[in-house]
$ cat upload28.cif   # mmCIF, C-alpha atoms
data_run
loop_
_atom_site.label_atom_id
_atom_site.label_comp_id
_atom_site.auth_asym_id
_atom_site.auth_seq_id
_atom_site.Cartn_x
_atom_site.Cartn_y
_atom_site.Cartn_z
CA MET A 1 -19.91 218.98 125.61
CA PRO A 2 -17.45 221.39 127.23
CA VAL A 3 -13.91 221.58 125.97
CA ASN A 4 -11.25 219.81 127.98
CA THR A 5 -8.66 222.31 129.14
CA SER A 6 -6.39 219.83 130.92
CA ALA A 7 -3.88 219.90 128.05
CA VAL A 8 -3.15 223.63 128.39
CA GLY A 9 0.60 223.96 128.87
CA LYS A 10 1.37 220.56 127.40
CA GLN A 11 4.56 220.51 125.33
CA TYR A 12 5.35 218.30 122.38
CA PRO A 13 8.74 216.86 121.43
CA PRO A 14 11.10 219.21 119.55
CA VAL A 15 11.23 218.68 115.81
CA THR A 16 14.36 219.39 113.79
CA TYR A 17 14.10 220.82 110.28
CA ALA A 18 16.98 221.20 107.84
CA VAL A 19 16.35 224.17 105.56
CA GLY A 20 17.13 223.09 102.00
CA ARG A 21 17.91 225.33 99.04
CA GLU A 22 15.54 223.60 96.63
CA LYS A 23 12.74 223.52 99.22
CA VAL A 24 13.09 227.26 99.78
CA LYS A 25 12.97 227.83 96.02
CA GLU A 26 9.95 225.53 95.64
CA TYR A 27 8.09 227.33 98.43
CA ALA A 28 9.06 230.77 97.15
CA SER A 29 7.81 229.90 93.67
CA ALA A 30 4.51 228.54 95.02
CA VAL A 31 3.74 231.79 96.83
CA GLY A 32 4.74 233.97 93.88
CA GLU A 33 8.00 235.35 95.21
CA THR A 34 10.17 237.02 92.56
CA ASN A 35 12.89 238.41 94.85
CA PRO A 36 16.14 236.70 93.74
CA LEU A 37 17.22 236.43 97.41
CA HIS A 38 14.79 233.49 97.62
CA LEU A 39 15.58 231.93 94.27
CA ASP A 40 19.20 232.54 93.28
CA PRO A 41 22.10 231.50 95.54
CA ALA A 42 24.46 233.89 93.75
CA ALA A 43 22.13 236.83 94.37
CA ALA A 44 21.75 235.83 98.01
CA ARG A 45 25.52 235.58 98.46
CA ALA A 46 26.00 238.93 96.77
CA ALA A 47 23.64 240.37 99.40
CA GLY A 48 25.72 238.87 102.21
CA TYR A 49 23.78 235.69 102.94
CA ASP A 50 25.30 232.19 102.90
CA ASP A 51 22.58 230.80 100.62
CA VAL A 52 19.04 231.50 99.47
CA VAL A 53 16.90 233.30 102.07
CA ALA A 54 13.65 231.68 103.15
CA PRO A 55 10.63 233.97 102.73
CA PRO A 56 9.32 234.83 106.22
CA MET A 57 6.21 232.72 105.70
CA PHE A 58 8.44 229.68 105.12
CA ALA A 59 7.95 229.44 108.90
CA VAL A 60 4.85 227.46 107.97
CA VAL A 61 7.07 224.75 106.53
CA TYR A 62 9.52 224.40 109.40
CA GLN A 63 6.88 224.79 112.15
CA SER A 64 3.99 222.65 110.88
CA GLY A 65 5.67 219.35 111.70
CA ALA A 66 5.96 220.45 115.31
CA VAL A 67 2.38 221.65 115.73
CA MET A 68 0.60 218.73 114.05
CA PRO A 69 1.07 216.33 117.00
CA GLY A 70 -0.80 218.85 119.15
CA ILE A 71 -3.64 219.29 116.68
CA PHE A 72 -4.10 215.50 116.53
CA ASP A 73 -3.48 214.87 120.27
CA PRO A 74 -6.49 213.00 121.76
CA GLU A 75 -5.89 214.82 125.05
CA VAL A 76 -6.45 218.15 123.25
CA GLY A 77 -9.48 216.57 121.64
CA ILE A 78 -9.86 218.58 118.44
CA ASN A 79 -12.55 217.25 116.12
CA PHE A 80 -10.49 217.62 112.95
CA ALA A 81 -13.50 217.40 110.63
CA MET A 82 -15.01 220.49 112.29
CA MET A 83 -11.78 222.45 112.65
CA VAL A 84 -10.88 225.62 110.80
CA HIS A 85 -7.57 227.45 110.93
CA SER A 86 -8.93 230.75 112.18
CA GLY A 87 -5.83 232.85 112.64
CA GLN A 88 -2.07 232.88 112.61
CA ASP A 89 0.59 235.04 114.17
CA PHE A 90 4.31 234.97 113.43
CA ARG A 91 7.13 237.00 114.94
CA TRP A 92 10.52 236.78 113.27
CA GLU A 93 13.79 237.63 114.98
CA ARG A 94 15.76 237.23 111.74
CA VAL A 95 15.54 235.56 108.37
CA VAL A 96 16.78 231.99 107.93
CA VAL A 97 18.82 230.72 105.02
CA ALA A 98 19.26 227.36 103.30
CA GLY A 99 21.73 225.13 105.09
CA GLU A 100 20.50 225.97 108.59
CA GLU A 101 19.15 223.38 110.99
CA LEU A 102 16.22 224.60 113.08
CA THR A 103 14.55 223.06 116.10
CA THR A 104 10.89 223.76 116.81
CA GLN A 105 8.79 222.98 119.85
CA ALA A 106 5.03 223.42 120.21
CA LYS A 107 2.90 223.74 123.30
CA VAL A 108 -0.79 224.17 123.98
CA ALA A 109 -1.08 227.86 124.84
CA ASN A 110 -4.82 228.08 125.43
CA ILE A 111 -8.07 226.13 125.14
CA GLU A 112 -11.42 227.77 125.75
CA GLU A 113 -15.03 227.65 124.71
CA LYS A 114 -17.09 230.61 123.52
CA GLY A 115 -20.52 230.48 121.97
CA GLY A 116 -20.47 226.74 121.37
CA MET A 117 -17.10 226.88 119.64
CA GLY A 118 -13.77 225.61 120.91
CA PHE A 119 -10.71 227.84 120.58
CA TYR A 120 -7.32 226.13 120.54
CA ASP A 121 -4.10 228.14 120.42
CA PHE A 122 -0.67 226.55 119.98
CA GLU A 123 2.51 228.48 120.68
CA VAL A 124 5.34 227.27 118.48
CA VAL A 125 8.93 228.41 118.99
CA THR A 126 11.75 227.81 116.53
CA GLN A 127 15.41 228.10 117.51
CA ASP A 128 18.59 227.99 115.47
CA ALA A 129 21.58 225.71 116.02
CA GLY A 130 22.91 228.14 118.62
CA GLY A 131 19.71 228.08 120.64
CA ALA A 132 18.59 231.58 119.66
CA THR A 133 14.92 232.05 118.83
CA VAL A 134 14.35 232.81 115.16
CA CYS A 135 10.55 232.64 114.99
CA THR A 136 7.55 232.35 117.29
CA GLY A 137 4.20 231.32 115.86
CA ILE A 138 0.73 231.23 117.35
CA TRP A 139 -1.44 228.75 115.45
CA LYS A 140 -5.15 229.37 116.16
CA MET A 141 -7.77 226.75 115.50
CA ILE A 142 -11.55 226.92 115.97
CA VAL A 143 -13.75 223.85 116.27
CA ARG A 144 -17.45 224.33 115.62
CA GLY A 145 -20.04 222.54 117.68
CA VAL A 146 -17.97 221.41 120.64
CA MET B 1 12.79 250.66 96.60
CA ALA B 2 11.06 250.97 99.92
CA ALA B 3 7.69 252.65 100.16
CA SER B 4 7.21 255.77 102.27
CA TYR B 5 6.03 254.87 105.75
CA GLU B 6 3.97 257.72 107.15
CA PRO B 7 0.89 257.20 109.31
CA GLY B 8 -2.13 256.94 107.03
CA ALA B 9 -0.10 256.21 103.90
CA GLU B 10 -1.40 253.49 101.62
CA LEU B 11 1.21 250.98 100.47
CA PRO B 12 1.36 249.47 96.98
CA GLU B 13 -1.32 246.90 96.26
CA LEU B 14 -0.32 243.33 95.49
CA LYS B 15 -2.43 241.47 92.91
CA ILE B 16 -2.14 237.80 92.01
CA THR B 17 -4.51 235.36 90.36
CA PRO B 18 -4.04 231.76 91.53
CA ASP B 19 -4.21 229.41 88.55
CA ARG B 20 -6.17 226.18 88.76
CA PHE B 21 -3.15 224.11 89.83
CA LEU B 22 -1.85 226.58 92.42
CA THR B 23 -3.20 224.68 95.41
CA VAL B 24 -1.49 221.50 94.19
CA ARG B 25 1.87 223.25 93.98
CA TYR B 26 1.35 224.95 97.35
CA ALA B 27 0.34 221.64 98.94
CA GLY B 28 3.61 220.13 97.81
CA ALA B 29 5.63 223.16 98.81
CA SER B 30 4.03 223.51 102.25
CA GLY B 31 3.20 219.91 103.12
CA ASP B 32 -0.50 220.69 103.66
CA PHE B 33 -2.34 218.05 101.61
CA ASN B 34 -5.79 218.59 103.13
CA PRO B 35 -8.07 217.34 100.31
CA ILE B 36 -10.31 220.42 100.51
CA HIS B 37 -7.47 222.19 98.67
CA ILE B 38 -6.59 219.61 96.02
CA ASP B 39 -9.57 217.29 95.42
CA GLU B 40 -12.56 218.91 93.71
CA GLU B 41 -14.96 216.05 94.46
CA PHE B 42 -13.97 215.86 98.10
CA ALA B 43 -14.32 219.62 98.53
CA LYS B 44 -17.84 219.55 97.08
CA SER B 45 -18.74 216.53 99.24
CA VAL B 46 -18.12 218.60 102.37
CA GLY B 47 -20.22 221.50 101.16
CA LEU B 48 -17.58 223.73 99.61
CA PRO B 49 -18.06 225.30 96.18
CA GLY B 50 -14.91 223.50 95.04
CA ARG B 51 -11.27 223.38 96.03
CA ILE B 52 -10.33 226.38 98.18
CA LEU B 53 -7.08 228.23 98.68
CA HIS B 54 -4.86 227.43 101.65
CA GLY B 55 -5.28 230.22 104.20
CA LEU B 56 -1.54 230.25 104.77
CA TRP B 57 -0.95 230.82 101.03
CA SER B 58 -3.25 233.84 101.24
CA MET B 59 -1.37 235.00 104.34
CA ALA B 60 1.85 234.63 102.34
CA GLN B 61 0.45 237.12 99.82
CA VAL B 62 -0.12 239.60 102.65
CA ALA B 63 3.44 238.97 103.81
CA ARG B 64 4.79 239.39 100.27
CA ALA B 65 2.96 242.70 99.91
CA GLN B 66 4.82 243.85 103.03
CA THR B 67 8.29 242.61 102.10
CA GLU B 68 7.98 244.05 98.58
CA ALA B 69 6.82 247.42 99.91
CA ALA B 70 9.49 247.51 102.59
CA GLY B 71 12.35 246.38 100.35
CA GLY B 72 13.23 242.91 101.61
CA PRO B 73 12.26 239.87 103.68
CA GLU B 74 14.32 240.96 106.69
CA LYS B 75 12.07 244.01 107.15
CA LEU B 76 9.03 241.98 108.20
CA LYS B 77 9.25 241.46 111.95
CA ALA B 78 5.74 240.24 112.75
CA LEU B 79 2.46 239.43 111.04
CA SER B 80 -0.84 238.38 112.54
CA VAL B 81 -3.97 237.60 110.54
CA GLN B 82 -7.46 236.16 110.75
CA PHE B 83 -8.80 233.78 108.13
CA ARG B 84 -12.47 234.10 107.25
CA GLY B 85 -14.01 233.91 103.78
CA MET B 86 -13.01 231.07 101.48
CA GLY B 87 -10.38 231.84 98.85
CA LEU B 88 -11.12 230.50 95.38
CA LEU B 89 -8.94 229.50 92.45
CA GLU B 90 -8.80 231.56 89.25
CA GLN B 91 -10.01 234.72 90.97
CA GLU B 92 -7.76 237.69 91.52
CA VAL B 93 -6.48 238.24 95.06
CA VAL B 94 -5.83 241.88 95.99
CA VAL B 95 -3.82 242.78 99.08
CA THR B 96 -4.25 246.31 100.39
CA SER B 97 -2.14 247.81 103.17
CA ALA B 98 -2.04 251.09 105.05
CA VAL B 99 0.36 252.44 107.65
CA LYS B 100 -1.33 252.70 111.04
CA ALA B 101 1.53 254.10 113.07
CA VAL B 102 5.26 254.67 113.09
CA ASP B 103 7.07 254.42 116.39
CA ASP B 104 10.72 253.95 117.30
CA GLY B 105 11.78 252.68 113.88
CA VAL B 106 8.89 250.26 113.52
CA ALA B 107 5.88 250.80 111.27
CA THR B 108 2.62 249.12 112.15
CA VAL B 109 0.70 248.28 108.97
CA GLU B 110 -2.90 247.12 108.68
CA ALA B 111 -3.75 244.96 105.68
CA GLU B 112 -6.28 242.61 104.19
CA ALA B 113 -6.60 240.28 101.20
CA ARG B 114 -9.78 240.29 99.12
CA GLN B 115 -11.28 238.44 96.22
CA GLY B 116 -13.97 240.74 94.89
CA ASP B 117 -16.07 241.65 97.93
CA THR B 118 -14.90 238.67 99.98
CA ARG B 119 -12.19 239.36 102.51
CA ILE B 120 -10.18 236.14 102.72
CA VAL B 121 -7.55 237.52 105.11
CA ARG B 122 -8.72 240.20 107.49
CA ASN B 123 -7.42 242.22 110.41
CA ALA B 124 -3.86 241.64 109.31
CA VAL B 125 -1.31 243.60 111.34
CA ALA B 126 2.33 243.71 110.29
CA GLU B 127 5.36 245.19 112.00
CA ILE B 128 7.95 246.58 109.59
CA ALA B 129 11.48 247.53 110.60
CA LEU B 130 12.47 250.89 109.11
CA ASP B 131 16.10 251.70 108.52
#
$ encode --input "upload28.cif" --output "structure tokens"
Amino acid sequence: MPVNTSAVGKQYPPVTYAVGREKVKEYASAVGETNPLHLDPAAARAAGYDDVVAPPMFAVVYQSGAVMPGIFDPEVGINFAMMVHSGQDFRWERVVVAGEELTTQAKVANIEEKGGMGFYDFEVVTQDAGGATVCTGIWKMIVRGV
Amino acid sequence: MAASYEPGAELPELKITPDRFLTVRYAGASGDFNPIHIDEEFAKSVGLPGRILHGLWSMAQVARAQTEAAGGPEKLKALSVQFRGMGLLEQEVVVTSAVKAVDDGVATVEAEARQGDTRIVRNAVAEIALD
């Protein structure tokens, strides 16, 4: 069954995420961060930040809520049981700190079929309260046996 | 202290061994509660050897290797990776990185994360801002 490419370009509603100090610390601890910028508000302030700094890969946390509606969209048609997360790109314009409110929007960047597998790429852009882009992610999924 | 970024230079290795509850903590921290990461019986029922690491946790180790080598989180400007082999609990993860090129204040670093002979993150490319 060929993949359905009609959803390419489809955008999903923006999702707002409030970056919380304890969430940043929880995430930083789970990935093994020891840099006090991520864990200690006093250390972060001493370095010139308003609060603890999110590790760059915290982008996963503030972007995933925006990309999930695309992954589960019937029009995209991903068979979730056969899906693997095959690759991930992030580009960061700056670090984010606790206390910020971010808005993230996902769109279907590409759908194609190669060798019996479906390739689904989602482009996910996160902006700060001023409308400046802070992070762009490309979430790449492969579905076997399409 | 930032590493020396010269083309061909190898950056410090990062080593970490995920304990048996790591995927539970990461699931809570990240919001990814896919049962293949946290439910041993479910993972085996779908043909896996057991619970497997979240790919994005493994990617975070590649990112951490870069921010630690470069001297801070603000140095990491971009990271792209491919996920392939399954990452397992209670086995050491080793991230290796080497400088591919330096151009206009930006170092391009190639990296991978391995467990033994299994590459769990491959073809990683990072862009590092140099001061």
$ resolve_selection --input "upload28.cif" --expression "the PyMOL selection byres ((chain B) within 8 of (chain A))" --output "mmCIF file with C-alpha atoms, in the frame of the given file"
data_model
loop_
_atom_site.group_PDB
_atom_site.id
_atom_site.type_symbol
_atom_site.label_atom_id
_atom_site.label_comp_id
_atom_site.auth_asym_id
_atom_site.auth_seq_id
_atom_site.Cartn_x
_atom_site.Cartn_y
_atom_site.Cartn_z
ATOM 1 C CA LEU B 22 -1.850 226.580 92.420
ATOM 2 C CA ARG B 25 1.870 223.250 93.980
ATOM 3 C CA TYR B 26 1.350 224.950 97.350
ATOM 4 C CA ALA B 29 5.630 223.160 98.810
ATOM 5 C CA SER B 30 4.030 223.510 102.250
ATOM 6 C CA GLY B 31 3.200 219.910 103.120
ATOM 7 C CA GLY B 55 -5.280 230.220 104.200
ATOM 8 C CA LEU B 56 -1.540 230.250 104.770
ATOM 9 C CA TRP B 57 -0.950 230.820 101.030
ATOM 10 C CA ALA B 60 1.850 234.630 102.340
ATOM 11 C CA GLN B 61 0.450 237.120 99.820
ATOM 12 C CA ALA B 63 3.440 238.970 103.810
ATOM 13 C CA ARG B 64 4.790 239.390 100.270
ATOM 14 C CA PRO B 73 12.260 239.870 103.680
ATOM 15 C CA GLU B 74 14.320 240.960 106.690
ATOM 16 C CA LEU B 76 9.030 241.980 108.200
ATOM 17 C CA LYS B 77 9.250 241.460 111.950
ATOM 18 C CA ALA B 78 5.740 240.240 112.750
ATOM 19 C CA LEU B 79 2.460 239.430 111.040
ATOM 20 C CA SER B 80 -0.840 238.380 112.540
ATOM 21 C CA VAL B 81 -3.970 237.600 110.540
ATOM 22 C CA GLN B 82 -7.460 236.160 110.750
ATOM 23 C CA PHE B 83 -8.800 233.780 108.130
ATOM 24 C CA ARG B 84 -12.470 234.100 107.250
#
$ resolve_selection --input "upload28.cif" --expression "the PyMOL selection byres ((chain A and resi 105-107) around 9)" --output "ChimeraX atom specification"
/A:8-16,63,66-70,103-104,108-109,121-127
$ atom_distance --input "upload28.cif" --atom1 "atom CA of Gly116 of chain A" --atom2 "atom CA of Val143 of chain A"
8.9 Å
$ atom_distance --input "upload28.cif" --atom1 "atom CA of Gly50 of chain B" --atom2 "atom CA of Arg144 of chain A"
20.8 Å
$ resolve_selection --input "upload28.cif" --expression "the PyMOL selection byres ((chain A and resi 76) around 8)" --output "PyMOL selection string"
chain A and resi 4-7+70-75+77-78
$ write_last_selection --input "upload28.cif" --atoms "C-alpha atoms" --output "CSV table (one decimal), in the coordinates of the input"
chain,number,residue,atom,x,y,z
A,4,ASN,CA,-11.2,219.8,128.0
A,5,THR,CA,-8.7,222.3,129.1
A,6,SER,CA,-6.4,219.8,130.9
A,7,ALA,CA,-3.9,219.9,128.0
A,70,GLY,CA,-0.8,218.8,119.2
A,71,ILE,CA,-3.6,219.3,116.7
A,72,PHE,CA,-4.1,215.5,116.5
A,73,ASP,CA,-3.5,214.9,120.3
A,74,PRO,CA,-6.5,213.0,121.8
A,75,GLU,CA,-5.9,214.8,125.0
A,77,GLY,CA,-9.5,216.6,121.6
A,78,ILE,CA,-9.9,218.6,118.4
$ atom_distance --input "upload28.cif" --atom1 "atom CA of Ala18 of chain A" --atom2 "atom CA of Ala98 of chain A"
8.0 Å
$ build_atoms --input "upload28.cif" --residues "segment 6-35 of chain B" --atoms "N, CA and C atoms" --output "CSV table (one decimal), keeping the file's coordinate frame"
chain,number,residue,atom,x,y,z
B,6,GLU,N,4.5,256.6,106.3
B,6,GLU,CA,4.0,257.7,107.2
B,6,GLU,C,2.6,257.3,107.6
B,7,PRO,N,2.2,257.6,108.8
B,7,PRO,CA,0.9,257.2,109.3
B,7,PRO,C,-0.2,257.6,108.3
B,8,GLY,N,-1.0,256.7,108.0
B,8,GLY,CA,-2.1,256.9,107.0
B,8,GLY,C,-1.8,256.6,105.6
B,9,ALA,N,-0.5,256.5,105.3
B,9,ALA,CA,-0.1,256.2,103.9
B,9,ALA,C,-0.6,254.8,103.4
B,10,GLU,N,-1.1,254.8,102.2
B,10,GLU,CA,-1.4,253.5,101.6
B,10,GLU,C,-0.2,252.9,100.9
B,11,LEU,N,0.1,251.6,101.1
B,11,LEU,CA,1.2,251.0,100.5
B,11,LEU,C,0.8,250.4,99.1
B,12,PRO,N,1.7,250.0,98.3
B,12,PRO,CA,1.4,249.5,97.0
B,12,PRO,C,0.5,248.2,97.1
B,13,GLU,N,-0.5,248.1,96.3
B,13,GLU,CA,-1.3,246.9,96.3
B,13,GLU,C,-0.5,245.7,95.7
B,14,LEU,N,-0.8,244.5,96.1
B,14,LEU,CA,-0.3,243.3,95.5
B,14,LEU,C,-1.5,242.6,94.9
B,15,LYS,N,-1.4,242.2,93.6
B,15,LYS,CA,-2.4,241.5,92.9
B,15,LYS,C,-1.8,240.2,92.4
B,16,ILE,N,-2.6,239.1,92.5
B,16,ILE,CA,-2.1,237.8,92.0
B,16,ILE,C,-3.4,237.0,91.8
B,17,THR,N,-3.4,236.3,90.7
B,17,THR,CA,-4.5,235.4,90.4
B,17,THR,C,-4.0,233.9,90.4
B,18,PRO,N,-4.5,233.2,91.4
B,18,PRO,CA,-4.0,231.8,91.5
B,18,PRO,C,-4.6,230.9,90.4
B,19,ASP,N,-3.7,230.3,89.6
B,19,ASP,CA,-4.2,229.4,88.6
B,19,ASP,C,-4.8,228.1,89.1
B,20,ARG,N,-5.4,227.3,88.3
B,20,ARG,CA,-6.2,226.2,88.8
B,20,ARG,C,-5.3,225.1,89.4
B,21,PHE,N,-4.0,225.1,89.2
B,21,PHE,CA,-3.2,224.1,89.8
B,21,PHE,C,-2.3,224.7,91.0
B,22,LEU,N,-2.6,225.9,91.4
B,22,LEU,CA,-1.8,226.6,92.4
B,22,LEU,C,-1.9,225.8,93.7
B,23,THR,N,-3.1,225.3,94.1
B,23,THR,CA,-3.2,224.7,95.4
B,23,THR,C,-2.4,223.4,95.4
B,24,VAL,N,-2.3,222.7,94.3
B,24,VAL,CA,-1.5,221.5,94.2
B,24,VAL,C,0.0,221.8,94.4
B,25,ARG,N,0.5,222.9,93.8
B,25,ARG,CA,1.9,223.2,94.0
B,25,ARG,C,2.1,223.7,95.4
B,26,TYR,N,1.2,224.5,96.0
B,26,TYR,CA,1.4,225.0,97.4
B,26,TYR,C,1.3,223.8,98.3
B,27,ALA,N,0.4,222.8,98.1
B,27,ALA,CA,0.3,221.6,98.9
B,27,ALA,C,1.7,221.0,99.0
B,28,GLY,N,2.3,220.8,97.8
B,28,GLY,CA,3.6,220.1,97.8
B,28,GLY,C,4.7,221.0,98.5
B,29,ALA,N,4.6,222.3,98.2
B,29,ALA,CA,5.6,223.2,98.8
B,29,ALA,C,5.5,223.3,100.3
B,30,SER,N,4.3,223.3,100.8
B,30,SER,CA,4.0,223.5,102.2
B,30,SER,C,3.9,222.2,103.1
B,31,GLY,N,3.5,221.1,102.4
B,31,GLY,CA,3.2,219.9,103.1
B,31,GLY,C,1.8,219.8,103.6
B,32,ASP,N,0.9,220.7,103.2
B,32,ASP,CA,-0.5,220.7,103.7
B,32,ASP,C,-1.3,220.1,102.5
B,33,PHE,N,-1.6,218.8,102.7
B,33,PHE,CA,-2.3,218.0,101.6
B,33,PHE,C,-3.8,217.8,102.0
B,34,ASN,N,-4.4,218.7,102.8
B,34,ASN,CA,-5.8,218.6,103.1
B,34,ASN,C,-6.6,218.5,101.8
B,35,PRO,N,-7.4,217.5,101.6
B,35,PRO,CA,-8.1,217.3,100.3
B,35,PRO,C,-9.0,218.5,99.9
